[in-house]
$ cat entry.pdb   # PDB, C-alpha atoms and all ligand atoms
ATOM      1  CA  MET A   1      82.246  47.304 155.921
ATOM      2  CA  THR A   2      80.360  44.693 157.861
ATOM      3  CA  GLN A   3      81.159  44.247 161.540
ATOM      4  CA  PRO A   4      79.601  41.212 163.158
ATOM      5  CA  SER A   5      79.385  41.462 166.922
ATOM      6  CA  ASP A   6      81.664  38.531 167.615
ATOM      7  CA  GLY A   7      83.964  38.093 164.668
ATOM      8  CA  PRO A   8      86.272  39.820 162.252
ATOM      9  CA  SER A   9      85.080  42.713 160.130
ATOM     10  CA  THR A  10      85.027  42.144 156.378
ATOM     11  CA  ASN A  11      85.318  44.063 153.114
ATOM     12  CA  LEU A  12      86.028  47.752 153.523
ATOM     13  CA  PRO A  13      84.353  50.074 151.021
ATOM     14  CA  THR A  14      86.655  50.576 148.008
ATOM     15  CA  PRO A  15      88.910  53.536 148.825
ATOM     16  CA  GLY A  16      89.924  56.172 146.293
ATOM     17  CA  ARG A  17      93.639  55.618 146.873
ATOM     18  CA  ALA A  18      95.646  52.894 148.587
ATOM     19  CA  LEU A  19      99.355  52.667 149.392
ATOM     20  CA  ALA A  20     101.113  49.386 150.174
ATOM     21  CA  ILE A  21     104.460  49.622 152.000
ATOM     22  CA  GLY A  22     106.666  46.533 151.716
ATOM     23  CA  ALA A  23     110.224  45.748 152.746
ATOM     24  CA  HIS A  24     111.150  43.952 149.508
ATOM     25  CA  PRO A  25     109.827  43.524 145.994
ATOM     26  CA  ASP A  26     107.166  40.738 146.288
ATOM     27  CA  ASP A  27     106.152  41.362 149.942
ATOM     28  CA  VAL A  28     103.178  43.497 148.905
ATOM     29  CA  GLU A  29     101.873  40.838 146.512
ATOM     30  CA  PHE A  30     102.090  38.127 149.185
ATOM     31  CA  GLY A  31     100.536  40.373 151.838
ATOM     32  CA  CYS A  32      97.698  42.185 150.106
ATOM     33  CA  GLY A  33      97.859  41.482 146.352
ATOM     34  CA  GLY A  34      94.323  40.114 146.168
ATOM     35  CA  THR A  35      92.818  43.098 147.967
ATOM     36  CA  LEU A  36      94.779  45.547 145.803
ATOM     37  CA  ALA A  37      93.607  43.753 142.643
ATOM     38  CA  LYS A  38      90.002  43.872 143.842
ATOM     39  CA  TRP A  39      90.159  47.562 144.639
ATOM     40  CA  ALA A  40      92.017  48.430 141.412
ATOM     41  CA  ALA A  41      89.295  46.673 139.427
ATOM     42  CA  ALA A  42      86.752  48.856 141.244
ATOM     43  CA  GLY A  43      88.599  52.070 140.366
ATOM     44  CA  CYS A  44      90.977  52.534 143.300
ATOM     45  CA  GLU A  45      94.356  54.112 142.547
ATOM     46  CA  ILE A  46      96.957  51.760 144.025
ATOM     47  CA  HIS A  47     100.554  52.638 144.820
ATOM     48  CA  HIS A  48     103.569  50.599 145.943
ATOM     49  CA  LEU A  49     106.368  51.826 148.224
ATOM     50  CA  ILE A  50     109.264  49.339 148.448
ATOM     51  CA  CYS A  51     111.773  50.159 151.195
ATOM     52  CA  THR A  52     114.844  48.107 150.188
ATOM     53  CA  ASP A  53     116.685  47.349 146.977
ATOM     54  CA  GLY A  54     116.091  43.601 147.158
ATOM     55  CA  SER A  55     119.811  42.954 146.789
ATOM     56  CA  LYS A  56     119.820  39.897 149.077
ATOM     57  CA  GLY A  57     117.180  38.074 147.037
ATOM     58  CA  SER A  58     119.367  35.329 145.653
ATOM     59  CA  TRP A  59     120.953  32.161 146.993
ATOM     60  CA  MET A  60     123.691  32.187 144.354
ATOM     61  CA  PRO A  61     127.044  33.480 145.717
ATOM     62  CA  GLU A  62     128.129  34.521 142.212
ATOM     63  CA  GLU A  63     124.965  36.590 141.569
ATOM     64  CA  ASP A  64     125.408  39.942 139.748
ATOM     65  CA  ILE A  65     123.844  42.132 142.451
ATOM     66  CA  THR A  66     123.513  45.266 140.314
ATOM     67  CA  ALA A  67     121.618  43.298 137.699
ATOM     68  CA  LEU A  68     119.502  41.611 140.373
ATOM     69  CA  VAL A  69     118.397  44.971 141.817
ATOM     70  CA  ALA A  70     117.392  46.239 138.358
ATOM     71  CA  THR A  71     115.589  42.991 137.566
ATOM     72  CA  ARG A  72     113.644  43.081 140.805
ATOM     73  CA  GLN A  73     112.482  46.644 140.160
ATOM     74  CA  GLU A  74     111.217  45.651 136.718
ATOM     75  CA  GLU A  75     109.502  42.616 138.219
ATOM     76  CA  GLN A  76     107.852  44.820 140.849
ATOM     77  CA  ARG A  77     106.517  47.183 138.192
ATOM     78  CA  ALA A  78     105.178  44.207 136.210
ATOM     79  CA  ALA A  79     103.564  42.833 139.366
ATOM     80  CA  ALA A  80     101.847  46.162 140.047
ATOM     81  CA  ARG A  81     100.484  46.148 136.488
ATOM     82  CA  ALA A  82      99.271  42.562 136.946
ATOM     83  CA  LEU A  83      97.249  43.782 139.931
ATOM     84  CA  GLY A  84      95.697  46.468 137.751
ATOM     85  CA  GLY A  85      97.790  49.171 139.382
ATOM     86  CA  ARG A  86      97.983  52.515 137.643
ATOM     87  CA  GLY A  87      99.709  54.398 140.447
ATOM     88  CA  ASP A  88     103.340  54.870 141.426
ATOM     89  CA  VAL A  89     105.854  52.128 142.218
ATOM     90  CA  VAL A  90     108.372  53.881 144.484
ATOM     91  CA  PHE A  91     111.721  52.369 145.516
ATOM     92  CA  LEU A  92     113.490  53.838 148.543
ATOM     93  CA  ARG A  93     116.547  51.651 147.789
ATOM     94  CA  TRP A  94     117.783  51.063 151.348
ATOM     95  CA  VAL A  95     120.160  48.098 151.438
ATOM     96  CA  ASP A  96     118.289  44.810 151.697
ATOM     97  CA  GLY A  97     118.808  43.203 155.100
ATOM     98  CA  GLU A  98     119.950  46.467 156.692
ATOM     99  CA  LEU A  99     116.684  48.438 156.777
ATOM    100  CA  GLU A 100     116.215  50.488 159.915
ATOM    101  CA  ALA A 101     113.103  52.248 161.193
ATOM    102  CA  GLY A 102     115.089  55.390 161.855
ATOM    103  CA  LEU A 103     114.313  59.055 161.405
ATOM    104  CA  ARG A 104     115.795  59.329 157.901
ATOM    105  CA  GLN A 105     113.712  56.431 156.677
ATOM    106  CA  ARG A 106     110.617  57.738 158.476
ATOM    107  CA  TRP A 107     111.152  61.117 156.820
ATOM    108  CA  GLU A 108     111.006  59.487 153.384
ATOM    109  CA  VAL A 109     107.932  57.376 154.126
ATOM    110  CA  CYS A 110     106.172  60.412 155.611
ATOM    111  CA  ALA A 111     106.916  62.440 152.470
ATOM    112  CA  TRP A 112     105.468  59.739 150.210
ATOM    113  CA  ILE A 113     102.312  59.435 152.317
ATOM    114  CA  ARG A 114     101.885  63.198 152.052
ATOM    115  CA  ARG A 115     102.471  63.139 148.284
ATOM    116  CA  LEU A 116     100.295  60.134 147.446
ATOM    117  CA  ARG A 117      97.558  60.889 150.032
ATOM    118  CA  PRO A 118      96.223  57.340 150.426
ATOM    119  CA  ASP A 119      92.917  56.662 152.171
ATOM    120  CA  VAL A 120      94.140  53.192 153.174
ATOM    121  CA  VAL A 121      97.719  52.108 153.932
ATOM    122  CA  PHE A 122      98.926  48.487 154.012
ATOM    123  CA  GLY A 123     102.061  47.263 155.778
ATOM    124  CA  HIS A 124     103.829  44.425 157.596
ATOM    125  CA  ASP A 125     102.629  43.879 161.176
ATOM    126  CA  PRO A 126     105.700  45.072 163.113
ATOM    127  CA  TRP A 127     104.394  43.524 166.352
ATOM    128  CA  ARG A 128     104.175  39.977 165.016
ATOM    129  CA  ARG A 129     105.789  37.749 167.617
ATOM    130  CA  TYR A 130     108.873  35.691 166.838
ATOM    131  CA  ARG A 131     109.363  37.419 163.506
ATOM    132  CA  LEU A 132     112.944  36.873 162.390
ATOM    133  CA  HIS A 133     113.483  39.117 159.378
ATOM    134  CA  PRO A 134     114.577  42.571 160.573
ATOM    135  CA  ASP A 135     113.491  44.304 157.341
ATOM    136  CA  HIS A 136     109.894  43.148 157.767
ATOM    137  CA  ARG A 137     109.860  44.441 161.327
ATOM    138  CA  ALA A 138     111.447  47.755 160.302
ATOM    139  CA  ALA A 139     109.160  48.242 157.284
ATOM    140  CA  GLY A 140     106.152  47.638 159.550
ATOM    141  CA  PHE A 141     107.283  50.339 161.953
ATOM    142  CA  LEU A 142     108.010  52.697 159.048
ATOM    143  CA  ALA A 143     104.363  52.367 157.977
ATOM    144  CA  THR A 144     103.010  53.074 161.461
ATOM    145  CA  ASP A 145     105.533  55.805 162.299
ATOM    146  CA  GLY A 146     105.301  57.324 158.818
ATOM    147  CA  ILE A 147     101.548  57.751 159.271
ATOM    148  CA  VAL A 148     101.979  59.447 162.649
ATOM    149  CA  ALA A 149     104.448  61.892 161.108
ATOM    150  CA  ALA A 150     102.425  62.481 157.929
ATOM    151  CA  ARG A 151      99.209  63.422 159.733
ATOM    152  CA  ASP A 152     100.707  66.184 161.883
ATOM    153  CA  PRO A 153     101.895  69.543 160.468
ATOM    154  CA  HIS A 154     104.666  69.867 163.046
ATOM    155  CA  PHE A 155     106.509  66.751 161.846
ATOM    156  CA  PHE A 156     109.089  67.490 159.160
ATOM    157  CA  PRO A 157     107.647  70.923 158.159
ATOM    158  CA  GLU A 158     110.674  71.412 155.888
ATOM    159  CA  GLN A 159     109.037  68.948 153.497
ATOM    160  CA  GLN A 160     106.590  71.735 152.592
ATOM    161  CA  LEU A 161     103.960  69.097 151.920
ATOM    162  CA  ALA A 162     100.435  69.290 153.295
ATOM    163  CA  PRO A 163      99.802  66.892 156.196
ATOM    164  CA  HIS A 164      97.760  63.826 155.360
ATOM    165  CA  ARG A 165      95.901  61.443 157.668
ATOM    166  CA  PRO A 166      94.927  58.107 156.096
ATOM    167  CA  SER A 167      91.664  56.704 157.400
ATOM    168  CA  LYS A 168      92.777  53.088 157.857
ATOM    169  CA  LEU A 169      95.870  50.923 158.211
ATOM    170  CA  LEU A 170      95.744  47.220 157.343
ATOM    171  CA  LEU A 171      98.641  45.067 158.589
ATOM    172  CA  TRP A 172      99.359  41.765 156.875
ATOM    173  CA  GLU A 173     101.078  38.760 158.551
ATOM    174  CA  ALA A 174      99.050  39.981 161.502
ATOM    175  CA  ASP A 175      99.658  38.616 164.957
ATOM    176  CA  GLU A 176      95.994  39.155 165.829
ATOM    177  CA  PRO A 177      94.017  39.401 162.571
ATOM    178  CA  ASP A 178      90.563  40.935 162.944
ATOM    179  CA  HIS A 179      89.628  41.842 159.367
ATOM    180  CA  VAL A 180      89.211  39.807 156.166
ATOM    181  CA  GLU A 181      88.919  40.937 152.572
ATOM    182  CA  ASP A 182      87.199  38.577 150.129
ATOM    183  CA  ILE A 183      89.578  37.967 147.195
ATOM    184  CA  GLY A 184      87.688  35.078 145.560
ATOM    185  CA  ASP A 185      87.412  36.871 142.210
ATOM    186  CA  HIS A 186      90.991  38.169 142.324
ATOM    187  CA  LEU A 187      93.103  35.180 143.310
ATOM    188  CA  ASP A 188      94.271  34.798 139.709
ATOM    189  CA  ALA A 189      95.478  38.421 139.605
ATOM    190  CA  LYS A 190      97.350  37.917 142.893
ATOM    191  CA  LEU A 191      99.000  34.785 141.492
ATOM    192  CA  ALA A 192      99.905  36.526 138.227
ATOM    193  CA  ALA A 193     101.477  39.362 140.193
ATOM    194  CA  LEU A 194     103.448  36.959 142.390
ATOM    195  CA  LEU A 195     104.642  35.056 139.325
ATOM    196  CA  ALA A 196     105.907  38.335 137.842
ATOM    197  CA  HIS A 197     108.684  38.116 140.472
ATOM    198  CA  ARG A 198     110.553  35.533 138.413
ATOM    199  CA  SER A 199     113.911  36.046 140.140
ATOM    200  CA  GLN A 200     112.269  34.960 143.422
ATOM    201  CA  TYR A 201     110.865  31.632 142.265
ATOM    202  CA  ARG A 202     113.490  29.672 144.192
ATOM    203  CA  THR A 203     113.914  31.874 147.240
ATOM    204  CA  THR A 204     110.322  32.691 148.185
ATOM    205  CA  MET A 205     108.067  30.493 146.052
ATOM    206  CA  ASP A 206     109.848  27.148 146.220
ATOM    207  CA  ILE A 207     109.771  26.844 142.423
ATOM    208  CA  ASP A 208     113.083  25.374 141.196
ATOM    209  CA  ASP A 209     112.251  25.252 137.510
ATOM    210  CA  PRO A 210     109.840  27.959 136.287
ATOM    211  CA  SER A 211     109.297  26.034 133.058
ATOM    212  CA  ALA A 212     108.037  23.037 135.042
ATOM    213  CA  ALA A 213     104.279  23.454 134.941
ATOM    214  CA  ASP A 214     103.749  21.117 137.872
ATOM    215  CA  GLU A 215     105.960  23.234 140.160
ATOM    216  CA  VAL A 216     104.078  26.405 139.267
ATOM    217  CA  ALA A 217     100.807  24.533 139.750
ATOM    218  CA  ARG A 218     101.911  23.440 143.221
ATOM    219  CA  PHE A 219     102.690  27.070 144.113
ATOM    220  CA  ARG A 220      99.231  28.095 142.921
ATOM    221  CA  THR A 221      97.721  25.382 145.082
ATOM    222  CA  ARG A 222      99.679  26.535 148.140
ATOM    223  CA  MET A 223      98.549  30.140 147.616
ATOM    224  CA  ALA A 224      94.927  29.043 147.185
ATOM    225  CA  GLU A 225      95.177  26.992 150.388
ATOM    226  CA  ARG A 226      96.564  29.996 152.242
ATOM    227  CA  ALA A 227      93.750  32.211 150.933
ATOM    228  CA  ALA A 228      91.221  29.584 152.021
ATOM    229  CA  GLU A 229      92.751  29.489 155.497
ATOM    230  CA  HIS A 230      92.691  33.293 155.744
ATOM    231  CA  GLY A 231      89.111  33.447 154.486
ATOM    232  CA  SER A 232      87.939  30.801 156.949
ATOM    233  CA  LEU A 233      88.354  33.327 159.757
ATOM    234  CA  ALA A 234      85.248  35.054 158.393
ATOM    235  CA  GLY A 235      83.487  32.244 156.521
ATOM    236  CA  ILE A 236      84.843  33.446 153.176
ATOM    237  CA  ALA A 237      86.107  30.981 150.539
ATOM    238  CA  TYR A 238      89.288  32.889 149.615
ATOM    239  CA  GLY A 239      90.499  35.844 151.619
ATOM    240  CA  GLU A 240      93.346  37.959 152.911
ATOM    241  CA  ARG A 241      93.377  38.644 156.624
ATOM    242  CA  PHE A 242      94.720  41.707 158.370
ATOM    243  CA  LYS A 243      94.889  43.598 161.622
ATOM    244  CA  LEU A 244      92.764  46.714 161.034
ATOM    245  CA  LEU A 245      93.710  49.997 162.689
ATOM    246  CA  ALA A 246      90.840  52.376 162.008
ATOM    247  CA  ASP A 247      91.568  55.199 164.413
ATOM    248  CA  LEU A 248      94.538  56.987 162.928
TER     249      LEU A 248
HETATM  250 ZN    ZN A 301     110.331  40.427 152.333
END

$ encode --input "entry.pdb" --output "structure tokens"
Amino acid sequence: MTQPSDGPSTNLPTPGRALAIGAHPDDVEFGCGGTLAKWAAAGCEIHHLICTDGSKGSWMPEEDITALVATRQEEQRAAARALGGRGDVVFLRWVDGELEAGLRQRWEVCAWIRRLRPDVVFGHDPWRRYRLHPDHRAAGFLATDGIVAARDPHFFPEQQLAPHRPSKLLLWEADEPDHVEDIGDHLDAKLAALLAHRSQYRTTMDIDDPSAADEVARFRTRMAERAAEHGSLAGIAYGERFKLLADL
């Protein structure tokens, strides 16, 4: 990792294992898909932990919710593969829109951190100001609070799992980003993973007609512009920016 004296740090060394904790299927790809693809290509084992069932991810009142949940899980697995992921894709299946950062949820996240033993954890920044979506806030706190529980043997000893302390936490959508990962060679993998979430084209990608090449092209352009904006924080062409917590 390089740490200039007066700017963001860049490019952590590739960890052995990484775990990304998202509220909904597709959040991880938006937040850190490029970094996960880069690390997977370099041999990192990447895992997904998705807190909710994604059952609110449709604007159609007549939607078959059971089918939507199953579809979104398949899409999430396909997205993980598109990133080069060979690890687990875990679904906690809390009801979309009703996620809480309570003890039961923390217990589950703690158990998965102890099982998967990631060196680096990714999550939503729970302290981002003026954030509306409660699931994103709750999932962010589950990542931070899950780490605190996982690292200490006196939290949830009934799990009978060895404690595990990750070395770093990277928060996406960060209120005060101070770290950038270069994703210039992995933007295509991030886009492919995002486009695996076909049921979300209308709701999160502003693509009305997936068969319309120009709409998909416009989404690609928007994602490239966002990566350029993130990278500019550190003079990098295409990046993902985070808040880095390195003292866990
Ligand atoms: Zn989300």

$ residues_around --input "entry.pdb" --residues "segment 156-160 of chain A" --least-positions-apart "5" --cutoff "9 Å" --atoms "only C-alpha atoms" --output "PyMOL selection string"
chain A and resi 107+110-111+149-150

$ resolve_selection --input "entry.pdb" --expression "the PyMOL selection byres (((chain A and resi 126) around 7) and not hetatm)" --output "list in words"
His124, Asp125, Trp127, Arg128, Arg137, Ala138, Gly140 and Phe141 of chain A

$ write_last_selection --input "entry.pdb" --atoms "C-alpha atoms" --output "PDB file, in the coordinates of the input"
ATOM      1  CA  HIS A 124     103.829  44.425 157.596  1.00  0.00           C
ATOM      2  CA  ASP A 125     102.629  43.879 161.176  1.00  0.00           C
ATOM      3  CA  TRP A 127     104.394  43.524 166.352  1.00  0.00           C
ATOM      4  CA  ARG A 128     104.175  39.977 165.016  1.00  0.00           C
ATOM      5  CA  ARG A 137     109.860  44.441 161.327  1.00  0.00           C
ATOM      6  CA  ALA A 138     111.447  47.755 160.302  1.00  0.00           C
ATOM      7  CA  GLY A 140     106.152  47.638 159.550  1.00  0.00           C
ATOM      8  CA  PHE A 141     107.283  50.339 161.953  1.00  0.00           C
TER       9      PHE A 141
END

$ residues_near_ligand --input "entry.pdb" --ligand "ligand ZN 301 (chain A)" --cutoff "10 Å" --atoms "all atoms listed in the file" --output "PyMOL selection string"
chain A and resi 22-28+30-31+50-52+54+57+96-97+124+133-137+139+204

$ atom_distance --input "entry.pdb" --atom1 "atom CA of Ala78 of chain A" --atom2 "atom CA of Glu108 of chain A"
23.7 Å

$ resolve_selection --input "entry.pdb" --expression "the PyMOL selection byres (((chain A and resi 151) around 9) and not hetatm)" --output "ChimeraX atom specification"
/A:110,113-114,146-150,152-153,155,162-166,248

$ atom_distance --input "entry.pdb" --atom1 "atom CA of Leu92 of chain A" --atom2 "atom CA of Val121 of chain A"
16.8 Å

$ axis_aligned_box --input "entry.pdb" --around "segment 132-144 of chain A" --padding-each-side "5 Å" --output "lines of an AutoDock Vina configuration file"
center_x = 108.8
center_y = 45.0
center_z = 159.8
size_x = 21.6
size_y = 26.2
size_z = 15.1

$ resolve_selection --input "entry.pdb" --expression "the PyMOL selection byres (((chain A and resi 207) around 12) and not hetatm)" --output "MDAnalysis selection string"
chainID A and resid 194:195 197:206 208:220 222

$ write_last_selection --input "entry.pdb" --atoms "C-alpha atoms" --output "short mmCIF file (atom, residue, chain, number, x, y, z; two decimals), in the frame of the given file"
data_model
loop_
_atom_site.label_atom_id
_atom_site.label_comp_id
_atom_site.auth_asym_id
_atom_site.auth_seq_id
_atom_site.Cartn_x
_atom_site.Cartn_y
_atom_site.Cartn_z
CA LEU A 194 103.45 36.96 142.39
CA LEU A 195 104.64 35.06 139.32
CA HIS A 197 108.68 38.12 140.47
CA ARG A 198 110.55 35.53 138.41
CA SER A 199 113.91 36.05 140.14
CA GLN A 200 112.27 34.96 143.42
CA TYR A 201 110.86 31.63 142.26
CA ARG A 202 113.49 29.67 144.19
CA THR A 203 113.91 31.87 147.24
CA THR A 204 110.32 32.69 148.18
CA MET A 205 108.07 30.49 146.05
CA ASP A 206 109.85 27.15 146.22
CA ASP A 208 113.08 25.37 141.20
CA ASP A 209 112.25 25.25 137.51
CA PRO A 210 109.84 27.96 136.29
CA SER A 211 109.30 26.03 133.06
CA ALA A 212 108.04 23.04 135.04
CA ALA A 213 104.28 23.45 134.94
CA ASP A 214 103.75 21.12 137.87
CA GLU A 215 105.96 23.23 140.16
CA VAL A 216 104.08 26.40 139.27
CA ALA A 217 100.81 24.53 139.75
CA ARG A 218 101.91 23.44 143.22
CA PHE A 219 102.69 27.07 144.11
CA ARG A 220 99.23 28.10 142.92
CA ARG A 222 99.68 26.54 148.14
#

$ atom_distance --input "entry.pdb" --atom1 "atom CA of Leu233 of chain A" --atom2 "atom CA of Tyr130 of chain A"
21.8 Å
